[in-house]
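Dumped upload.txt below, it's compact mmCIF, C-alpha atoms:
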```
# COMPACT_ATOMS: atom_id res chain seq x y z
CA MET J 1 -13.04 1.97 -0.67
CA ALA J 2 -13.78 5.21 1.20
CA ASN J 3 -10.75 7.27 2.11
CA ALA J 4 -9.93 7.25 5.81
CA PRO J 5 -9.71 10.47 7.82
CA ARG J 6 -6.17 11.62 8.58
CA THR J 7 -5.05 10.45 12.01
CA ARG J 8 -1.68 10.33 13.79
CA LEU J 9 -0.26 6.87 14.29
CA GLU J 10 2.97 5.56 15.76
CA PRO J 11 5.38 4.40 13.01
CA GLU J 12 4.88 0.67 13.64
CA ALA J 13 1.11 1.06 13.80
CA ARG J 14 1.19 3.06 10.58
CA ARG J 15 3.29 0.45 8.81
CA ALA J 16 0.92 -2.27 9.99
CA GLN J 17 -2.09 -0.24 8.86
CA LEU J 18 -0.62 0.27 5.39
CA VAL J 19 0.22 -3.41 5.02
CA ASP J 20 -3.30 -4.29 6.16
CA VAL J 21 -4.77 -2.01 3.48
CA GLY J 22 -2.57 -3.76 0.92
CA LEU J 23 -3.71 -7.17 2.18
CA GLN J 24 -7.34 -6.18 1.78
CA MET J 25 -6.71 -4.99 -1.78
CA LEU J 26 -5.02 -8.30 -2.52
CA GLY J 27 -8.46 -9.83 -2.17
CA THR J 28 -9.58 -8.33 -5.46
CA ARG J 29 -6.43 -7.78 -7.57
CA PRO J 30 -2.96 -9.28 -8.03
CA LEU J 31 -0.16 -7.83 -5.94
CA GLU J 32 1.52 -5.86 -8.71
CA GLN J 33 -1.74 -4.01 -9.28
CA VAL J 34 -1.93 -2.84 -5.65
CA ALA J 35 -1.21 0.82 -6.43
CA ILE J 36 0.60 3.08 -3.98
CA ASP J 37 -1.80 5.97 -4.66
CA ASP J 38 -4.82 3.81 -3.81
CA VAL J 39 -3.22 2.54 -0.60
CA ALA J 40 -2.24 6.02 0.55
CA ALA J 41 -5.74 7.33 -0.18
CA ALA J 42 -7.41 4.46 1.65
CA ALA J 43 -5.13 5.03 4.65
CA GLY J 44 -5.76 8.78 4.61
CA ILE J 45 -2.11 9.72 4.13
CA SER J 46 -0.09 11.28 1.32
CA ARG J 47 1.85 9.28 -1.23
CA GLY J 48 5.01 10.91 0.14
CA LEU J 49 4.30 9.73 3.69
CA LEU J 50 3.76 6.17 2.47
CA PHE J 51 7.20 6.31 0.84
CA HIS J 52 8.56 7.44 4.22
CA TYR J 53 7.55 4.05 5.63
CA PHE J 54 8.33 2.01 2.51
CA PRO J 55 11.13 3.57 0.44
CA THR J 56 9.94 1.92 -2.80
CA LYS J 57 6.77 0.40 -4.18
CA ARG J 58 8.64 -2.88 -4.25
CA ASP J 59 9.43 -2.67 -0.51
CA PHE J 60 5.73 -2.20 0.13
CA HIS J 61 4.76 -5.13 -2.09
CA VAL J 62 7.30 -7.40 -0.38
CA ALA J 63 5.84 -6.44 3.03
CA VAL J 64 2.31 -7.21 1.80
CA ALA J 65 3.44 -10.57 0.34
CA GLU J 66 5.07 -11.46 3.67
CA ALA J 67 1.93 -10.53 5.58
CA ALA J 68 -0.21 -12.60 3.21
CA ALA J 69 2.09 -15.60 3.65
CA ALA J 70 2.07 -15.21 7.45
CA GLU J 71 -1.73 -15.05 7.45
CA LEU J 72 -1.99 -18.15 5.27
CA LEU J 73 0.38 -20.10 7.52
CA ALA J 74 -1.41 -18.98 10.71
CA ARG J 75 -4.89 -19.73 9.38
CA THR J 76 -3.88 -23.20 8.23
CA ASP J 77 -2.58 -24.39 11.59
CA PRO J 78 -5.76 -24.15 13.62
CA ASP J 79 -4.82 -26.31 16.60
CA PRO J 80 -1.09 -26.79 17.33
CA GLY J 81 -2.04 -28.83 20.41
CA LEU J 82 -3.32 -31.81 18.40
CA PRO J 83 -1.21 -34.96 17.91
CA PRO J 84 0.96 -34.65 14.75
CA LEU J 85 -1.17 -36.61 12.28
CA ALA J 86 -4.49 -35.15 13.48
CA ARG J 87 -2.90 -31.71 13.36
CA LEU J 88 -1.91 -32.37 9.76
CA GLN J 89 -5.44 -33.42 8.79
CA ALA J 90 -6.89 -30.39 10.56
CA ALA J 91 -4.40 -28.23 8.66
CA VAL J 92 -5.50 -29.66 5.30
CA ALA J 93 -9.17 -29.00 6.14
CA ALA J 94 -8.33 -25.46 7.33
CA TYR J 95 -6.34 -24.87 4.15
CA VAL J 96 -9.33 -25.78 1.98
CA ASP J 97 -11.56 -23.48 4.06
CA TYR J 98 -9.03 -20.66 3.70
CA VAL J 99 -8.98 -21.18 -0.06
CA ALA J 100 -12.77 -20.98 -0.27
CA ASP J 101 -12.90 -17.91 1.99
CA LYS J 102 -10.14 -15.91 0.29
CA ARG J 103 -10.42 -17.22 -3.23
CA ASP J 104 -9.27 -14.15 -5.16
CA ALA J 105 -6.30 -13.48 -2.92
CA TYR J 106 -5.43 -17.16 -2.95
CA VAL J 107 -5.54 -17.54 -6.73
CA ALA J 108 -3.39 -14.40 -7.01
CA PHE J 109 -0.91 -15.92 -4.56
CA VAL J 110 -0.67 -19.22 -6.43
CA ARG J 111 -0.76 -17.75 -9.91
CA GLY J 112 2.38 -15.71 -10.28
CA SER J 113 1.34 -12.58 -8.45
CA SER J 114 4.99 -11.57 -8.29
CA GLY J 115 5.80 -9.58 -11.38
CA GLY J 116 8.80 -11.89 -11.48
CA ASP J 117 10.30 -9.98 -8.53
CA PRO J 118 13.00 -12.15 -6.91
CA GLN J 119 12.21 -10.93 -3.36
CA ILE J 120 8.53 -11.75 -3.74
CA LEU J 121 9.29 -15.09 -5.35
CA ALA J 122 11.52 -15.74 -2.32
CA VAL J 123 8.56 -15.07 0.01
CA TYR J 124 6.48 -17.62 -1.90
CA ASP J 125 9.37 -20.09 -1.85
CA ARG J 126 9.77 -19.72 1.92
CA THR J 127 6.02 -20.23 2.35
CA ARG J 128 6.11 -23.49 0.39
CA THR J 129 9.14 -24.55 2.42
CA ALA J 130 7.29 -23.79 5.68
CA PHE J 131 4.34 -25.93 4.53
CA THR J 132 6.70 -28.71 3.53
CA LEU J 133 8.48 -28.68 6.90
CA ARG J 134 5.16 -28.62 8.74
CA VAL J 135 3.97 -31.69 6.82
CA LEU J 136 7.25 -33.55 7.35
CA ASP J 137 7.02 -32.72 11.05
CA GLY J 138 3.43 -34.01 11.13
CA LEU J 139 4.62 -37.23 9.51
CA GLY J 140 7.37 -37.62 12.10
CA LEU J 141 10.01 -37.18 9.39
CA PRO J 142 12.07 -34.11 10.35
CA GLU J 143 15.09 -35.35 8.33
CA PRO J 144 13.58 -37.22 5.39
CA PRO J 145 15.40 -38.86 2.49
CA PRO J 146 15.57 -36.53 -0.55
CA ARG J 147 12.86 -38.50 -2.40
CA VAL J 148 10.42 -37.93 0.46
CA ARG J 149 11.28 -34.26 0.89
CA VAL J 150 10.81 -33.64 -2.82
CA ALA J 151 7.56 -35.59 -2.90
CA VAL J 152 6.10 -33.64 0.04
CA ARG J 153 7.13 -30.37 -1.56
CA GLY J 154 5.51 -31.61 -4.78
CA TRP J 155 2.36 -32.40 -2.78
CA VAL J 156 2.24 -28.77 -1.61
CA ALA J 157 2.19 -27.72 -5.29
CA PHE J 158 -0.38 -30.48 -5.96
CA THR J 159 -2.52 -28.97 -3.21
CA GLU J 160 -2.28 -25.48 -4.71
CA GLU J 161 -3.24 -26.75 -8.16
CA VAL J 162 -6.10 -28.96 -6.96
CA THR J 163 -7.63 -26.16 -4.90
CA VAL J 164 -7.33 -23.59 -7.71
CA ASP J 165 -8.91 -26.11 -10.11
CA TRP J 166 -11.68 -26.70 -7.55
CA LEU J 167 -12.39 -22.95 -7.37
CA ALA J 168 -12.51 -22.80 -11.18
CA HIS J 169 -14.67 -25.87 -11.83
CA GLY J 170 -16.58 -26.48 -8.60
CA ASP J 171 -17.36 -30.09 -9.53
CA LEU J 172 -16.12 -31.56 -6.24
CA THR J 173 -17.46 -30.96 -2.74
CA ARG J 174 -15.28 -29.46 -0.01
CA ALA J 175 -15.17 -32.88 1.70
CA GLU J 176 -14.08 -34.57 -1.55
CA VAL J 177 -11.24 -32.06 -1.94
CA VAL J 178 -10.08 -32.60 1.66
CA ASP J 179 -10.19 -36.38 1.16
CA LEU J 180 -8.31 -36.15 -2.13
CA LEU J 181 -5.53 -34.08 -0.55
CA ASP J 182 -5.24 -36.40 2.48
CA GLU J 183 -5.22 -39.54 0.33
CA ALA J 184 -2.77 -38.07 -2.15
CA LEU J 185 -0.34 -37.23 0.65
CA VAL J 186 -0.52 -40.75 2.05
CA ALA J 187 -0.10 -42.23 -1.45
CA LEU J 188 2.91 -40.04 -2.29
CA VAL J 189 4.64 -40.65 1.02
CA THR J 190 3.92 -44.37 0.75
CA VAL J 191 5.44 -44.47 -2.73
CA THR J 192 8.56 -42.61 -1.67
CA LEU J 193 9.05 -44.07 1.80
CA GLY J 194 7.78 -47.57 1.20
CA ASP J 195 6.58 -48.37 4.72
CA TRP J 196 4.38 -45.48 5.77
CA PRO J 197 2.15 -45.08 7.73
CA PRO J 198 3.73 -47.35 10.36
CA ASP J 199 1.46 -49.94 12.00
CA MET K 1 24.42 -10.64 -27.73
CA ALA K 2 25.87 -9.02 -30.90
CA ASN K 3 23.45 -6.92 -32.90
CA ALA K 4 22.40 -8.48 -36.19
CA PRO K 5 22.93 -6.66 -39.49
CA ARG K 6 19.81 -5.11 -41.00
CA THR K 7 18.19 -7.38 -43.56
CA ARG K 8 14.80 -7.40 -45.29
CA LEU K 9 12.42 -10.17 -44.23
CA GLU K 10 8.85 -11.06 -45.15
CA PRO K 11 6.41 -10.08 -42.36
CA GLU K 12 5.79 -13.63 -41.12
CA ALA K 13 9.51 -14.41 -41.15
CA ARG K 14 10.22 -11.20 -39.28
CA ARG K 15 7.61 -11.97 -36.63
CA ALA K 16 9.05 -15.46 -36.21
CA GLN K 17 12.57 -14.05 -35.97
CA LEU K 18 11.55 -11.58 -33.26
CA VAL K 19 9.75 -14.24 -31.25
CA ASP K 20 12.80 -16.48 -31.58
CA VAL K 21 15.04 -13.71 -30.23
CA GLY K 22 12.63 -13.36 -27.30
CA LEU K 23 12.67 -17.12 -26.70
CA GLN K 24 16.47 -17.11 -26.56
CA MET K 25 16.44 -14.24 -24.04
CA LEU K 26 13.94 -16.19 -21.95
CA GLY K 27 16.79 -18.59 -21.28
CA THR K 28 18.50 -16.07 -19.01
CA ARG K 29 15.80 -13.75 -17.66
CA PRO K 30 12.09 -13.83 -16.80
CA LEU K 31 9.66 -12.83 -19.53
CA GLU K 32 8.78 -9.40 -18.16
CA GLN K 33 12.48 -8.49 -18.30
CA VAL K 34 12.72 -9.30 -22.01
CA ALA K 35 13.10 -5.67 -23.13
CA ILE K 36 11.81 -4.44 -26.48
CA ASP K 37 14.95 -2.36 -27.09
CA ASP K 38 17.20 -5.40 -26.60
CA VAL K 39 15.08 -7.56 -28.90
CA ALA K 40 15.04 -4.91 -31.64
CA ALA K 41 18.79 -4.43 -31.36
CA ALA K 42 19.47 -8.17 -31.48
CA ALA K 43 17.24 -8.48 -34.55
CA GLY K 44 18.89 -5.50 -36.23
CA ILE K 45 15.68 -3.46 -36.52
CA SER K 46 14.38 -0.29 -34.95
CA ARG K 47 12.14 -0.21 -31.92
CA GLY K 48 9.49 1.37 -34.13
CA LEU K 49 9.59 -1.49 -36.62
CA LEU K 50 9.20 -4.03 -33.84
CA PHE K 51 6.04 -2.21 -32.72
CA HIS K 52 4.82 -2.51 -36.31
CA TYR K 53 4.75 -6.27 -35.88
CA PHE K 54 3.66 -6.29 -32.23
CA PRO K 55 1.54 -3.24 -31.34
CA THR K 56 2.44 -3.41 -27.64
CA LYS K 57 5.17 -4.90 -25.47
CA ARG K 58 2.48 -7.10 -24.00
CA ASP K 59 1.51 -8.47 -27.44
CA PHE K 60 5.15 -9.40 -27.95
CA HIS K 61 5.42 -11.06 -24.55
CA VAL K 62 2.24 -13.08 -25.14
CA ALA K 63 3.67 -14.29 -28.48
CA VAL K 64 6.92 -15.32 -26.77
CA ALA K 65 5.02 -17.12 -23.98
CA GLU K 66 2.96 -19.00 -26.60
CA ALA K 67 6.11 -19.99 -28.49
CA ALA K 68 7.76 -21.19 -25.26
CA ALA K 69 4.70 -23.27 -24.39
CA ALA K 70 4.56 -24.77 -27.90
CA GLU K 71 8.25 -25.66 -27.72
CA LEU K 72 7.80 -27.30 -24.29
CA LEU K 73 4.82 -29.34 -25.50
CA ALA K 74 6.62 -30.40 -28.70
CA ARG K 75 9.84 -31.36 -26.94
CA THR K 76 8.00 -33.44 -24.36
CA ASP K 77 6.18 -35.67 -26.83
CA PRO K 78 9.15 -37.30 -28.50
CA ASP K 79 7.42 -40.26 -30.15
CA PRO K 80 3.69 -39.99 -30.82
CA GLY K 81 3.80 -43.43 -32.48
CA LEU K 82 4.35 -45.31 -29.21
CA PRO K 83 1.50 -47.11 -27.43
CA PRO K 84 -0.26 -44.75 -24.96
CA LEU K 85 1.42 -45.81 -21.72
CA ALA K 86 4.91 -46.07 -23.23
CA ARG K 87 4.35 -42.69 -24.87
CA LEU K 88 3.48 -41.26 -21.47
CA GLN K 89 6.64 -42.67 -19.87
CA ALA K 90 8.74 -41.37 -22.76
CA ALA K 91 7.09 -37.97 -22.31
CA VAL K 92 8.00 -37.88 -18.61
CA ALA K 93 11.63 -38.74 -19.40
CA ALA K 94 11.73 -36.12 -22.18
CA TYR K 95 10.20 -33.56 -19.82
CA VAL K 96 12.97 -34.12 -17.28
CA ASP K 97 15.59 -33.80 -20.04
CA TYR K 98 13.98 -30.57 -21.24
CA VAL K 99 14.05 -29.21 -17.69
CA ALA K 100 17.75 -29.98 -17.34
CA ASP K 101 18.55 -28.53 -20.78
CA LYS K 102 16.59 -25.28 -20.44
CA ARG K 103 16.74 -24.79 -16.70
CA ASP K 104 16.62 -20.99 -16.56
CA ALA K 105 13.80 -20.69 -19.06
CA TYR K 106 11.97 -23.51 -17.33
CA VAL K 107 12.22 -22.05 -13.84
CA ALA K 108 11.05 -18.71 -15.25
CA PHE K 109 8.08 -20.48 -16.85
CA VAL K 110 7.07 -22.28 -13.66
CA ARG K 111 7.78 -19.39 -11.29
CA GLY K 112 5.36 -16.65 -12.17
CA SER K 113 7.07 -15.19 -15.19
CA SER K 114 3.86 -13.42 -16.08
CA GLY K 115 3.84 -10.06 -14.36
CA GLY K 116 0.33 -11.14 -13.40
CA ASP K 117 -0.79 -10.53 -17.00
CA PRO K 118 -4.08 -12.37 -17.58
CA GLN K 119 -3.23 -13.23 -21.21
CA ILE K 120 0.09 -14.77 -20.21
CA LEU K 121 -1.45 -16.59 -17.25
CA ALA K 122 -3.97 -17.96 -19.79
CA VAL K 123 -1.10 -19.31 -21.92
CA TYR K 124 0.31 -21.12 -18.88
CA ASP K 125 -3.13 -22.40 -17.96
CA ARG K 126 -3.67 -23.77 -21.48
CA THR K 127 -0.26 -25.45 -21.33
CA ARG K 128 -1.11 -27.21 -18.06
CA THR K 129 -4.45 -28.23 -19.56
CA ALA K 130 -2.69 -29.65 -22.64
CA PHE K 131 -0.36 -31.70 -20.41
CA THR K 132 -3.33 -32.89 -18.37
CA LEU K 133 -5.27 -33.98 -21.46
CA ARG K 134 -2.19 -35.73 -22.86
CA VAL K 135 -1.77 -37.70 -19.64
CA LEU K 136 -5.46 -38.61 -19.45
CA ASP K 137 -5.27 -39.75 -23.07
CA GLY K 138 -2.19 -41.84 -22.26
CA LEU K 139 -4.10 -43.43 -19.40
CA GLY K 140 -7.03 -44.22 -21.70
CA LEU K 141 -9.25 -41.84 -19.72
CA PRO K 142 -10.45 -39.18 -22.17
CA GLU K 143 -13.53 -38.41 -20.02
CA PRO K 144 -12.39 -38.99 -16.45
CA PRO K 145 -14.40 -38.48 -13.25
CA PRO K 146 -13.70 -35.03 -11.71
CA ARG K 147 -11.52 -36.55 -8.96
CA VAL K 148 -9.21 -38.11 -11.55
CA ARG K 149 -9.05 -35.01 -13.75
CA VAL K 150 -8.17 -32.85 -10.76
CA ALA K 151 -5.58 -35.34 -9.52
CA VAL K 152 -3.86 -35.51 -12.92
CA ARG K 153 -3.83 -31.74 -13.14
CA GLY K 154 -2.39 -31.70 -9.64
CA TRP K 155 0.27 -34.16 -10.79
CA VAL K 156 1.30 -31.72 -13.53
CA ALA K 157 1.91 -29.11 -10.80
CA PHE K 158 3.65 -31.79 -8.69
CA THR K 159 5.92 -32.44 -11.69
CA GLU K 160 6.74 -28.74 -12.05
CA GLU K 161 7.59 -28.42 -8.35
CA VAL K 162 9.63 -31.64 -8.15
CA THR K 163 11.73 -30.69 -11.18
CA VAL K 164 12.33 -27.12 -9.95
CA ASP K 165 13.33 -28.53 -6.54
CA TRP K 166 15.65 -31.00 -8.32
CA LEU K 167 17.34 -28.14 -10.20
CA ALA K 168 17.78 -26.24 -6.93
CA HIS K 169 19.05 -29.10 -4.75
CA GLY K 170 20.48 -31.67 -7.17
CA ASP K 171 20.29 -34.45 -4.57
CA LEU K 172 18.46 -36.90 -6.83
CA THR K 173 19.66 -38.43 -10.10
CA ARG K 174 17.80 -37.88 -13.38
CA ALA K 175 16.63 -41.52 -13.23
CA GLU K 176 15.34 -41.07 -9.67
CA VAL K 177 13.34 -38.01 -10.71
CA VAL K 178 11.82 -39.85 -13.70
CA ASP K 179 10.93 -42.82 -11.45
CA LEU K 180 9.43 -40.55 -8.80
CA LEU K 181 7.21 -38.80 -11.37
CA ASP K 182 6.08 -42.10 -12.94
CA GLU K 183 5.35 -43.69 -9.56
CA ALA K 184 3.58 -40.61 -8.26
CA LEU K 185 1.28 -40.58 -11.29
CA VAL K 186 0.37 -44.24 -10.84
CA ALA K 187 -0.19 -43.69 -7.08
CA LEU K 188 -2.40 -40.62 -7.59
CA VAL K 189 -4.46 -42.23 -10.34
CA THR K 190 -4.78 -45.41 -8.27
CA VAL K 191 -6.03 -43.42 -5.29
CA THR K 192 -8.57 -41.50 -7.33
CA LEU K 193 -9.70 -44.25 -9.71
CA GLY K 194 -9.41 -47.24 -7.43
CA ASP K 195 -8.74 -49.92 -10.03
CA TRP K 196 -5.91 -48.62 -12.18
CA PRO K 197 -3.83 -49.82 -13.96
CA PRO K 198 -6.23 -52.48 -15.26
CA ASP K 199 -4.92 -56.06 -15.31
```
For this file, write the structure as structure tokens.
Amino acid sequence: MANAPRTRLEPEARRAQLVDVGLQMLGTRPLEQVAIDDVAAAAGISRGLLFHYFPTKRDFHVAVAEAAAAELLARTDPDPGLPPLARLQAAVAAYVDYVADKRDAYVAFVRGSSGGDPQILAVYDRTRTAFTLRVLDGLGLPEPPPRVRVAVRGWVAFTEEVTVDWLAHGDLTRAEVVDLLDEALVALVTVTLGDWPPD
Amino acid sequence: MANAPRTRLEPEARRAQLVDVGLQMLGTRPLEQVAIDDVAAAAGISRGLLFHYFPTKRDFHVAVAEAAAAELLARTDPDPGLPPLARLQAAVAAYVDYVADKRDAYVAFVRGSSGGDPQILAVYDRTRTAFTLRVLDGLGLPEPPPRVRVAVRGWVAFTEEVTVDWLAHGDLTRAEVVDLLDEALVALVTVTLGDWPPD
């Protein structure tokens, strides 16, 4: 990555620029290997100035993890205007496309790119919770029984594992992966709810 | 943890002792926070002697991760003499008991206790593969179609997520968790295979 020329930026713009540089690096390495020196160089600022915006390396990594999670959530909800179930199916398809587009960053996200840091683990946990709530909303189940909530949350993990396996093996088509995820969700909700989808 | 008195041990016994100390510490902290100094002190040896057995901290952590994975696999196959399907159900029940017994170590295992280290991620990956192969064997499907293999691997991740959620929320009984995991496996295999279980 070529180093950027030094330019003056407003504090918020500078913070956003630094996080964006971190996000780009996340495409090719796990988060804990996103080095402060590399980020500062790519942004054309000194290491000291970066620490002015993010007091510790950990603060910076948490900000990058949050930005990555926000991007993933935004990209996987392509059309909020659709009816709930169609919106859910569109989200699954968009999720699979995101996975294929950002494979390195995605595998790093799923596969413990946290260094065991509790704040970063909390970002991942909130992301899984956001997916779970979105799915429950799409199913018309905002206050589900515990069995259903747990099963949908388990399906989010199922989705992560299936897509990472797909990237590793490549022996299913994109359409087969989308179908598998859709059918698995229906099967798991049916098992836990008993009478879904309603007629 | 009280420091042990210094005693002479054969090299293999010493290695095993050190790994065992690491395994015990894994019960209360993530792997990358298992500190060499603490392990050496608990084993009653010098830091230098520990590095004689494990050239780097990473070598030690990989050995501890492998031991944790071996323990998990051993504990969750309580009766290899059972018929395949009964063995599988017993394994699910034993898995849930293991989770409840070793909750801190288990959550650390599931939740990115790797520091992003490729060797440790490989240990986790091999563990998930071993679970997947065990399940496929229990189902009488040693060479499954890709859809089924991916779905069973996804169910292993589903199982990890459901059990971690159970530890966090505690709003299901042990029996409900075991039933949910059994029923989810049947549902996912049914969806992907179409005609399972056979009559």
* Got a sec to pull out which chain J residues are within 10 Å of chain K, counting all atoms listed in the file, and send them as a ChimeraX atom specification? -> /J:29-33,108-118,121,124-125,145-166,169-172,176-177,180-181,183-192
* Structure fact -> Here atom CA of K:Met25 and atom CA of K:Val99 stand apart by 16.4 Å
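Take atom CA of J:Tyr98 and atom CA of J:Val64: the distance between them is 17.7 Å.
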* **Contacts of K:Lys102 at 10 Å (all atoms listed in the file; same-chain gap of 3+ positions) as a list in words** => Leu26, Gly27, Thr28, Leu72, Asp97, Tyr98, Val99, Ala105, Tyr106 and Val107 of chain K
* To one decimal place, how far is atom CA of J:Ile45 from atom CA of J:Phe60 in Å? -> 14.8 Å
Give me the residues near K:Val39 as an mmCIF file with C-alpha atoms, in the frame of the given file, where near means some atom within 7 Å (using all atoms listed in the file) and where sequence neighbours in that chain fewer than 6 positions away do not count.
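Generated file (out27.cif):
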```cif
data_model
loop_
_atom_site.group_PDB
_atom_site.id
_atom_site.type_symbol
_atom_site.label_atom_id
_atom_site.label_comp_id
_atom_site.auth_asym_id
_atom_site.auth_seq_id
_atom_site.Cartn_x
_atom_site.Cartn_y
_atom_site.Cartn_z
ATOM 1 C CA LEU K 18 11.550 -11.580 -33.260
ATOM 2 C CA VAL K 21 15.040 -13.710 -30.230
ATOM 3 C CA GLY K 22 12.630 -13.360 -27.300
#
```
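Residues near the point (-6.5, -20.6, 7.5), at a distance of 12 Å or less over only C-alpha atoms, make up J:Ala68, J:Ala69, J:Ala70, J:Glu71, J:Leu72, J:Leu73, J:Ala74, J:Arg75, J:Thr76, J:Asp77, J:Pro78, J:Asp79, J:Ala90, J:Ala91, J:Val92, J:Ala93, J:Ala94, J:Tyr95, J:Val96, J:Asp97, J:Tyr98, J:Val99, J:Ala100, J:Asp101, J:Lys102, J:Arg103, J:Tyr106.
Of the residues listed (K:Ala65, K:Leu23, K:Ala86, K:Ala42), K:Ala86 shows the shortest atom-to-atom separation from K:Val135; distances use only C-alpha atoms.
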* **Contact residues around J:Gly140 with all atoms listed in the file at 10 Å, ignoring same-chain residues under 4 positions, as a VMD selection string** => chain J and resid 84 to 85 134 to 136 144
